[in-house]
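Coordinates from data32.tsv are shown below (TSV, C-alpha atoms).
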chain	number	residue	atom	x	y	z
J	1	MET	CA	0.65	22.12	7.83
J	2	ASP	CA	3.25	24.75	6.95
J	3	GLU	CA	5.81	22.05	6.12
J	4	LEU	CA	3.48	20.16	3.79
J	5	GLU	CA	4.81	20.27	0.21
J	6	LEU	CA	2.08	19.81	-2.40
J	7	ASP	CA	4.25	20.58	-5.44
J	8	GLY	CA	3.65	17.83	-7.99
J	9	PHE	CA	0.24	16.95	-6.49
J	10	GLU	CA	-3.04	17.58	-8.28
J	11	ALA	CA	-6.34	18.60	-6.70
J	12	VAL	CA	-8.97	15.85	-6.66
J	13	GLN	CA	-12.26	17.19	-7.99
J	14	GLU	CA	-14.42	14.39	-6.50
J	15	VAL	CA	-14.31	15.54	-2.87
J	16	ALA	CA	-17.63	14.68	-1.19
J	17	GLY	CA	-17.42	16.52	2.12
J	18	LEU	CA	-14.98	14.25	3.95
J	19	ALA	CA	-12.26	16.89	3.78
J	20	ASP	CA	-12.04	20.41	2.44
J	21	THR	CA	-9.50	19.43	-0.20
J	22	TRP	CA	-7.88	16.22	-1.42
J	23	TRP	CA	-4.55	16.22	-3.26
J	24	ARG	CA	-3.26	13.25	-5.27
J	25	GLY	CA	0.41	12.42	-5.85
J	26	THR	CA	2.02	9.45	-7.57
J	27	ASP	CA	1.58	7.11	-4.60
J	28	SER	CA	-0.17	9.19	-1.95
J	29	LEU	CA	-3.27	11.20	-1.08
J	30	VAL	CA	-3.45	14.22	1.22
J	31	ALA	CA	-6.70	15.32	2.90
J	32	VAL	CA	-6.70	18.93	4.13
J	33	TYR	CA	-9.18	20.02	6.81
J	34	ARG	CA	-9.72	23.79	7.23
J	35	GLY	CA	-13.31	24.08	8.51
J	36	GLU	CA	-12.71	23.93	12.26
J	37	ALA	CA	-9.73	26.29	12.01
J	38	GLU	CA	-11.76	28.86	10.08
J	39	VAL	CA	-14.95	28.63	12.14
J	40	MET	CA	-13.11	28.92	15.45
J	41	ASP	CA	-10.50	31.39	14.13
J	42	ALA	CA	-7.91	28.89	15.33
J	43	PRO	CA	-5.18	28.33	12.72
J	44	GLN	CA	-3.56	25.75	15.02
J	45	CYS	CA	-6.55	23.48	14.23
J	46	LEU	CA	-5.69	23.34	10.51
J	47	THR	CA	-4.82	19.69	9.83
J	48	ALA	CA	-3.90	17.34	7.03
J	49	THR	CA	-3.85	13.56	6.83
J	50	VAL	CA	-1.32	11.97	4.48
J	51	TYR	CA	-2.06	8.50	3.07
J	52	ALA	CA	1.29	7.37	1.66
J	53	GLY	CA	2.49	4.22	-0.10
J	54	LEU	CA	-0.68	3.69	-2.12
J	55	ASP	CA	-0.45	1.66	-5.28
J	56	GLU	CA	-2.02	2.65	-8.60
J	57	TRP	CA	-5.29	0.86	-7.76
J	58	GLY	CA	-5.69	2.88	-4.57
J	59	LEU	CA	-5.44	6.15	-6.50
J	60	ARG	CA	-7.86	5.48	-9.35
J	61	GLY	CA	-11.36	6.87	-9.23
J	62	LEU	CA	-14.34	4.54	-9.31
J	63	GLY	CA	-15.19	5.46	-12.91
J	64	THR	CA	-11.68	4.75	-14.20
J	65	THR	CA	-10.83	1.61	-16.12
J	66	GLY	CA	-7.56	0.24	-17.34
Kindly present the structure from the file in structure tokens form.
Amino acid sequence: MDELELDGFEAVQEVAGLADTWWRGTDSLVAVYRGEAEVMDAPQCLTATVYAGLDEWGLRGLGTTG
């Protein structure tokens, strides 16, 4: 997690409980999970999943057209 660079990413406001925070880049999404680490006071449990190589369609919200 410490090496994860989120400069140039924007926070996704539509998070629905699947992760603590989603970040969107030009062709990738990052899901950050903090809950377990905070509840158990175990910073080693802080995780992130990076979904890279997504095209424009994969990064649009459901209400977006164009």
Q | CA of Thr49 in chain J to CA of Glu36 in chain J, straight-line distance in Å | A |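 Going from CA of Glu36 in chain J over to CA of Thr49 in chain J, I get 14.7 Å.
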Q: Give me the residues within 12 Å of Leu6 in chain J as a ChimeraX atom specification, counting all atoms listed in the file and dropping any in the same chain fewer than 5 places off.
A: /J:1,11,21-26,28-32,48,50
Q: Extract, using all atoms listed in the file, all DNA, RNA and protein residues at most 12 Å from Leu46 in chain J, discarding same-chain residues fewer than 4 positions from it, and format them as a PyMOL selection string.
A: chain J and resi 1-2+4+19-20+31-42
First collect every listed atom of range 41-57 of chain J; then fit an axis-aligned box around them, widen it by 4 Å on each side, and give centre and edge lengths in Å to one decimal, as JSON.
{"center_x": -4.0, "center_y": 16.1, "center_z": 3.4, "size_x": 21.0, "size_y": 38.5, "size_z": 31.9}
